[in-house]
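Engineer: my_file.txt is the file, holding compact mmCIF, C-alpha atoms:
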# COMPACT_ATOMS: atom_id res chain seq x y z
CA MET A 1 -29.81 -21.49 -0.99
CA TRP A 2 -28.24 -18.31 0.40
CA GLN A 3 -24.79 -19.60 -0.56
CA LEU A 4 -25.99 -20.16 -4.14
CA VAL A 5 -27.36 -16.60 -4.28
CA LYS A 6 -24.00 -15.27 -3.10
CA VAL A 7 -22.12 -17.27 -5.72
CA ILE A 8 -24.45 -16.15 -8.53
CA TYR A 9 -24.23 -12.51 -7.49
CA SER A 10 -20.44 -12.72 -7.13
CA VAL A 11 -20.14 -14.00 -10.70
CA ILE A 12 -22.42 -11.23 -12.00
CA ALA A 13 -20.55 -8.61 -9.96
CA ILE A 14 -17.17 -9.74 -11.29
CA ILE A 15 -18.45 -9.63 -14.89
CA PHE A 16 -19.89 -6.14 -14.41
CA GLY A 17 -16.73 -5.05 -12.59
CA LEU A 18 -14.59 -6.09 -15.55
CA LEU A 19 -17.00 -4.40 -17.96
CA ILE A 20 -16.76 -1.18 -15.91
CA ILE A 21 -12.97 -1.28 -16.25
CA VAL A 22 -13.20 -1.80 -20.01
CA LYS A 23 -15.75 0.99 -20.33
CA SER A 24 -13.63 3.32 -18.21
CA LEU A 25 -10.69 3.01 -20.58
CA GLY A 26 -12.67 5.10 -23.06
CA TYR A 27 -12.66 8.04 -20.67
CA PHE A 28 -8.92 8.46 -21.27
CA TYR A 29 -9.86 9.24 -24.88
CA PRO A 30 -13.03 11.24 -24.20
CA ASP A 31 -15.94 11.40 -26.60
CA PHE A 32 -18.06 14.42 -25.73
CA SER A 33 -20.67 13.76 -28.41
CA GLN A 34 -22.58 11.16 -26.39
CA GLY A 35 -22.87 9.29 -23.12
CA PHE A 36 -21.50 10.14 -19.69
CA LEU A 37 -19.15 12.92 -20.85
CA SER A 38 -21.55 14.58 -23.30
CA ASP A 39 -22.18 17.59 -21.02
CA LYS A 40 -18.71 17.86 -19.49
CA GLU A 41 -16.45 19.14 -22.24
CA SER A 42 -16.29 22.68 -20.82
CA VAL A 43 -15.16 21.47 -17.37
CA PHE A 44 -13.14 18.43 -18.41
CA ASN A 45 -9.68 19.96 -17.93
CA GLY A 46 -10.23 20.05 -14.17
CA TYR A 47 -12.81 17.28 -13.95
CA LYS A 48 -10.60 14.65 -15.57
CA TYR A 49 -8.19 14.33 -12.63
CA TYR A 50 -11.01 13.45 -10.23
CA LEU A 51 -12.59 11.17 -12.82
CA TYR A 52 -9.34 9.29 -13.40
CA ALA A 53 -8.67 8.99 -9.67
CA HIS A 54 -12.15 7.54 -9.22
CA ILE A 55 -12.23 5.13 -12.15
CA VAL A 56 -8.78 3.72 -11.36
CA ALA A 57 -9.15 3.40 -7.60
CA ALA A 58 -12.81 2.31 -7.31
CA PRO A 59 -12.36 -1.00 -9.23
CA ILE A 60 -9.29 -1.74 -7.11
CA ALA A 61 -11.39 -1.20 -3.98
CA PHE A 62 -14.18 -3.39 -5.36
CA PHE A 63 -12.04 -6.40 -6.23
CA VAL A 64 -9.80 -6.13 -3.15
CA GLY A 65 -12.78 -5.56 -0.84
CA GLY A 66 -14.70 -8.48 -2.30
CA PHE A 67 -11.70 -10.76 -1.83
CA GLN A 68 -11.23 -9.53 1.74
CA LEU A 69 -14.84 -10.27 2.68
CA ALA A 70 -14.82 -13.67 0.97
CA TYR A 71 -11.44 -14.72 2.42
CA PRO A 72 -10.90 -12.72 5.63
CA LYS A 73 -8.12 -14.89 7.08
CA THR A 74 -5.46 -14.84 4.38
CA LYS A 75 -1.90 -13.84 5.16
CA ALA A 76 -2.26 -10.88 2.80
CA HIS A 77 -5.32 -9.51 4.63
CA LYS A 78 -3.46 -6.65 6.26
CA ILE A 79 -1.69 -5.54 3.08
CA LEU A 80 -4.86 -5.82 1.03
CA GLY A 81 -6.68 -3.88 3.75
CA TRP A 82 -4.21 -1.02 3.37
CA ILE A 83 -4.75 -1.05 -0.39
CA TYR A 84 -8.53 -0.98 0.08
CA VAL A 85 -8.45 1.87 2.61
CA CYS A 86 -5.98 4.00 0.65
CA SER A 87 -7.73 3.48 -2.69
CA ILE A 88 -10.99 4.79 -1.22
CA ILE A 89 -9.89 7.53 1.16
CA LEU A 90 -7.15 9.02 -1.02
CA PHE A 91 -8.59 8.59 -4.49
CA ALA A 92 -11.98 6.99 -5.19
CA ALA A 93 -14.13 8.83 -2.64
CA PRO A 94 -12.61 12.32 -3.10
CA GLY A 95 -12.91 11.84 -6.86
CA GLY A 96 -16.53 10.76 -6.47
CA PHE A 97 -17.29 13.72 -4.23
CA TYR A 98 -16.04 16.22 -6.80
CA MET A 99 -17.80 14.40 -9.63
CA ALA A 100 -21.08 14.53 -7.67
CA PHE A 101 -21.42 18.23 -8.48
CA PHE A 102 -21.60 17.39 -12.19
CA ALA A 103 -23.84 14.33 -11.88
CA ILE A 104 -26.62 13.55 -14.31
CA GLY A 105 -29.97 14.33 -12.67
CA GLY A 106 -29.18 17.65 -11.01
CA ALA A 107 -29.36 18.41 -7.30
CA ILE A 108 -30.93 15.11 -6.21
CA SER A 109 -28.13 13.13 -7.85
CA THR A 110 -25.52 15.52 -6.48
CA ILE A 111 -26.80 15.02 -2.93
CA ASN A 112 -26.82 11.26 -3.43
CA PHE A 113 -23.27 10.94 -4.73
CA ALA A 114 -21.81 13.54 -2.35
CA LEU A 115 -23.44 11.76 0.61
CA MET A 116 -22.13 8.44 -0.64
CA ALA A 117 -18.59 9.79 -0.89
CA ILE A 118 -18.70 11.24 2.63
CA LEU A 119 -20.11 8.03 4.12
CA TRP A 120 -17.63 5.97 2.11
CA ILE A 121 -14.73 7.82 3.71
CA TYR A 122 -16.38 7.74 7.15
CA PHE A 123 -17.09 3.99 7.12
CA THR A 124 -13.70 3.08 5.66
CA LEU A 125 -11.77 5.28 8.06
CA ASN A 126 -13.70 3.89 11.04
CA ALA A 127 -13.04 0.34 9.86
CA PHE A 128 -9.34 1.17 9.90
CA LEU A 129 -9.48 2.85 13.31
CA LYS A 130 -11.46 0.00 14.87
CA ILE A 131 -8.99 -2.66 13.80
CA LYS A 132 -6.12 -0.50 15.06
CA ALA A 133 -7.94 -0.42 18.41
CA GLY A 134 -8.38 -4.19 18.33
CA ASP A 135 -12.16 -4.13 17.95
CA ILE A 136 -12.64 -6.84 15.33
CA GLN A 137 -16.44 -6.87 15.45
CA LYS A 138 -16.76 -3.13 14.84
CA HIS A 139 -14.06 -3.34 12.19
CA GLN A 140 -16.06 -5.97 10.33
CA GLN A 141 -19.27 -3.96 10.64
CA TYR A 142 -17.73 -0.74 9.32
CA MET A 143 -15.94 -2.60 6.55
CA THR A 144 -19.22 -4.19 5.49
CA ARG A 145 -20.86 -0.75 5.43
CA SER A 146 -17.96 0.52 3.34
CA PHE A 147 -18.23 -2.35 0.89
CA ILE A 148 -21.98 -1.81 0.48
CA LEU A 149 -21.06 1.61 -0.92
CA THR A 150 -18.21 0.16 -2.97
CA ASN A 151 -20.62 -2.40 -4.41
CA SER A 152 -23.11 0.32 -5.41
CA ALA A 153 -21.17 0.82 -8.66
CA ILE A 154 -22.12 -2.72 -9.68
CA LEU A 155 -25.78 -2.33 -8.72
CA ILE A 156 -26.08 1.00 -10.58
CA ARG A 157 -24.92 -0.70 -13.77
CA LEU A 158 -27.00 -3.81 -13.19
CA PHE A 159 -30.23 -1.92 -12.44
CA SER A 160 -29.55 0.55 -15.27
CA PHE A 161 -29.09 -2.33 -17.69
CA VAL A 162 -32.46 -3.78 -16.67
CA ASN A 163 -34.16 -0.37 -16.80
CA ASN A 164 -32.74 0.55 -20.20
CA HIS A 165 -33.46 -2.88 -21.65
CA TYR A 166 -37.10 -2.95 -20.56
CA GLY A 167 -37.76 0.81 -20.62
CA LEU A 168 -39.25 0.81 -17.11
CA ILE A 169 -38.53 4.46 -16.25
CA ASP A 170 -37.32 7.50 -18.20
CA VAL A 171 -33.53 7.28 -18.49
CA THR A 172 -32.70 10.40 -16.44
CA MET A 173 -35.30 9.73 -13.75
CA GLY A 174 -34.27 6.09 -13.75
CA TYR A 175 -30.66 7.07 -13.13
CA ILE A 176 -31.68 9.24 -10.18
CA VAL A 177 -33.79 6.49 -8.62
CA ILE A 178 -31.24 3.77 -9.30
CA SER A 179 -28.38 5.83 -7.87
CA TRP A 180 -30.24 5.93 -4.53
CA ILE A 181 -31.45 2.32 -4.46
CA SER A 182 -27.98 1.05 -5.37
CA TRP A 183 -26.87 1.58 -1.76
CA LEU A 184 -29.40 3.13 0.65
CA PRO A 185 -31.86 0.20 1.06
CA TRP A 186 -29.01 -2.29 1.47
CA LEU A 187 -27.31 -0.13 4.09
CA LEU A 188 -30.58 0.27 6.00
CA ILE A 189 -31.20 -3.49 5.86
CA TYR A 190 -27.70 -4.12 7.19
CA GLU A 191 -28.20 -1.63 10.04
CA TRP A 192 -31.51 -3.30 10.89
CA THR A 193 -29.78 -6.71 10.90
CA ILE A 194 -27.09 -5.50 13.30
CA ARG A 195 -29.64 -4.05 15.72
CA ARG A 196 -31.81 -7.15 15.50
CA ASN A 197 -28.86 -9.42 16.26
CA ASN A 198 -27.79 -7.20 19.18
CA ARG A 199 -31.30 -7.34 20.59
CA PHE A 200 -31.41 -11.13 20.60
CA SER A 201 -27.79 -11.79 21.55
Since I need it in another form, could you write the structure as structure tokens?

Structural biologist:
Amino acid sequence: MWQLVKVIYSVIAIIFGLLIIVKSLGYFYPDFSQGFLSDKESVFNGYKYYLYAHIVAAPIAFFVGGFQLAYPKTKAHKILGWIYVCSIILFAAPGGFYMAFFAIGGAISTINFALMAILWIYFTLNAFLKIKAGDIQKHQQYMTRSFILTNSAILIRLFSFVNNHYGLIDVTMGYIVISWISWLPWLLIYEWTIRRNNRFS
């Protein structure tokens, strides 16, 4: 049953990941009259570099990270690991951190996305340091934490689609709530699982 859930979610995540890439292409030809960039025309000259770094590197991290977790023993694991780490630490997370200060939803959204970016770098860097030190278990744990944050981009779109389709919450408030529940509950559940397993091991 759990395996079926993983397969179904993986298919959905891949579809949404590809849709994110297609949608992101429009940001290279910005339309400030509507949507995500509607309030960013005055800051776009500086903002665009962080936006482009984020929207190019984050999908790379998502697809590479998903492959790494699904197939951890391939010969390309080390090379793909380098790609994952560099795409996040050098591009996606710094871009996301800067973008957080212009997020829809004001201060609460800014705190959310800035915190995510900081934790994303912290978890990814520690995953790298742990494997360099030969600690495979800690490496896997930190990499899983990192990928929970990487995967938040998919859950934000998925939850937003459901919210917008059914009109469950006001769009702006919904975005604020969804941006938090796209990663925080899953990270807390994972931390609880680790501690529970340690207690009974």

Engineer: Find the residues near Thr172 in chain A: any atom within 12 Å, counting all atoms listed in the file, skip ones fewer than 6 places away on the same chain, and give them as a list in words.

Structural biologist: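 Returned residues: Gly35, Phe36, Ala103, Ile104, Gly105, Gly106, Ile108, Ser109, Ser160, Asn163, Asn164, Ile178 and Ser179 of chain A.
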
Engineer: One decimal, Å: what's the distance from CA of Phe32 in chain A over to CA of Gly174 in chain A, could you say?

Structural biologist: 21.8 Å

Engineer: Closest to Phe97 in chain A among A:Leu187, A:Ile79, A:Ala70, A:Leu51, using only C-alpha atoms?

Structural biologist: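 Residue with the minimum atom-to-atom distance to Phe97 in chain A: A:Leu51.
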
Engineer: Hey, could you make a per-residue contact list for range 93-185 of chain A against range 13-27 of chain A with 8 Å as the cut-off, showing the nearest pair of atoms and its distance in Å to one decimal, counting only C-alpha atoms, sorted by chain and number, as a Markdown table?

Structural biologist:
| residue | atom | partner | partner_atom | distance |
| --- | --- | --- | --- | --- |
| A:Ile154 | CA | A:Ala13 | CA | 6.1 |
| A:Arg157 | CA | A:Phe16 | CA | 7.4 |
| A:Leu158 | CA | A:Phe16 | CA | 7.6 |

Engineer: Taking (-5.4, -1.3, -1.0) in the file's coordinates, which residues come within 9 Å, counting all atoms listed in the file, written as a PyMOL selection string?

Structural biologist: chain A and resi 57+60-61+64-65+79-88

Engineer: Give me, please, the distance in Å between CA of Leu129 in chain A and CA of Ala92 in chain A, quoted to one decimal.

Structural biologist: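 Computing it gives 19.1 Å between the two atoms.
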
Engineer: Can you pull out every residue within 12 Å of Ile194 in chain A, counting all atoms listed in the file, but drop anything in the same chain fewer than 6 positions away, and send it as a compact mmCIF listing (two decimals) with C-alpha atoms, in the coordinates of the input?

Structural biologist:
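Result written to out_15.txt:
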# COMPACT_ATOMS: atom_id res chain seq x y z
CA GLN A 137 -16.44 -6.87 15.45
CA LYS A 138 -16.76 -3.13 14.84
CA GLN A 140 -16.06 -5.97 10.33
CA GLN A 141 -19.27 -3.96 10.64
CA TYR A 142 -17.73 -0.74 9.32
CA THR A 144 -19.22 -4.19 5.49
CA ARG A 145 -20.86 -0.75 5.43
CA LEU A 187 -27.31 -0.13 4.09
CA LEU A 188 -30.58 0.27 6.00
CA PHE A 200 -31.41 -11.13 20.60
CA SER A 201 -27.79 -11.79 21.55

Engineer: Rank A:Tyr9, A:Phe113, A:Phe159, A:Tyr122 by their smallest atom-to-atom distance to Gly95 in chain A, using all atoms listed in the file, and report the top residue only.

Structural biologist: A:Phe113

Engineer: Give the answer as one residue: which of A:Trp183, A:Phe102, A:Ala153, A:Phe161 has the shortest atom-to-atom distance to Tyr47 in chain A, using only C-alpha atoms?

Structural biologist: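 Going through A:Trp183, A:Phe102, A:Ala153, A:Phe161 one by one, the smallest distance to Tyr47 in chain A is for A:Phe102.
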
Engineer: Could you tell me which of A:Ala114, A:Val43, A:Val5, A:Met143 comes closest to Phe128 in chain A if we count all atoms listed in the file?

Structural biologist: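 The shortest atom-to-atom distance to Phe128 in chain A comes from A:Met143.
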
Engineer: Restricting the calculation to only C-alpha atoms: of A:Lys48, A:His54, A:His139, A:Arg196, which residue gets closest to Pro94 in chain A?

Structural biologist: A:His54

Engineer: From the block I gave, I'd like range 28-55 of chain A written with C-alpha atoms, as a PDB file, in the first residue's frame.

Structural biologist:
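Okay, this is what ended up in part_30.pdb:
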ATOM      1  CA  PHE A  28      12.095  35.203 -18.960  1.00  0.00           C
ATOM      2  CA  TYR A  29       9.492  37.273 -20.832  1.00  0.00           C
ATOM      3  CA  PRO A  30       7.829  38.898 -17.818  1.00  0.00           C
ATOM      4  CA  ASP A  31       4.196  39.959 -17.774  1.00  0.00           C
ATOM      5  CA  PHE A  32       3.703  42.458 -14.961  1.00  0.00           C
ATOM      6  CA  SER A  33      -0.022  42.857 -15.545  1.00  0.00           C
ATOM      7  CA  GLN A  34      -1.008  39.711 -13.651  1.00  0.00           C
ATOM      8  CA  GLY A  35       0.172  36.754 -11.603  1.00  0.00           C
ATOM      9  CA  PHE A  36       3.383  36.259  -9.654  1.00  0.00           C
ATOM     10  CA  LEU A  37       5.236  39.255 -11.130  1.00  0.00           C
ATOM     11  CA  SER A  38       2.341  41.724 -10.994  1.00  0.00           C
ATOM     12  CA  ASP A  39       3.817  43.674  -8.052  1.00  0.00           C
ATOM     13  CA  LYS A  40       7.500  43.338  -8.953  1.00  0.00           C
ATOM     14  CA  GLU A  41       8.038  45.528 -11.994  1.00  0.00           C
ATOM     15  CA  SER A  42       9.779  48.285 -10.010  1.00  0.00           C
ATOM     16  CA  VAL A  43      12.341  45.872  -8.507  1.00  0.00           C
ATOM     17  CA  PHE A  44      12.658  43.425 -11.385  1.00  0.00           C
ATOM     18  CA  ASN A  45      16.028  44.642 -12.690  1.00  0.00           C
ATOM     19  CA  GLY A  46      17.728  43.331  -9.553  1.00  0.00           C
ATOM     20  CA  TYR A  47      15.164  40.700  -8.625  1.00  0.00           C
ATOM     21  CA  LYS A  48      15.396  38.839 -11.928  1.00  0.00           C
ATOM     22  CA  TYR A  49      18.888  37.440 -11.316  1.00  0.00           C
ATOM     23  CA  TYR A  50      17.798  35.744  -8.092  1.00  0.00           C
ATOM     24  CA  LEU A  51      14.561  34.607  -9.704  1.00  0.00           C
ATOM     25  CA  TYR A  52      16.378  33.052 -12.653  1.00  0.00           C
ATOM     26  CA  ALA A  53      18.936  31.380 -10.394  1.00  0.00           C
ATOM     27  CA  HIS A  54      16.100  29.891  -8.368  1.00  0.00           C
ATOM     28  CA  ILE A  55      13.821  28.743 -11.186  1.00  0.00           C
TER      29      ILE A  55
END
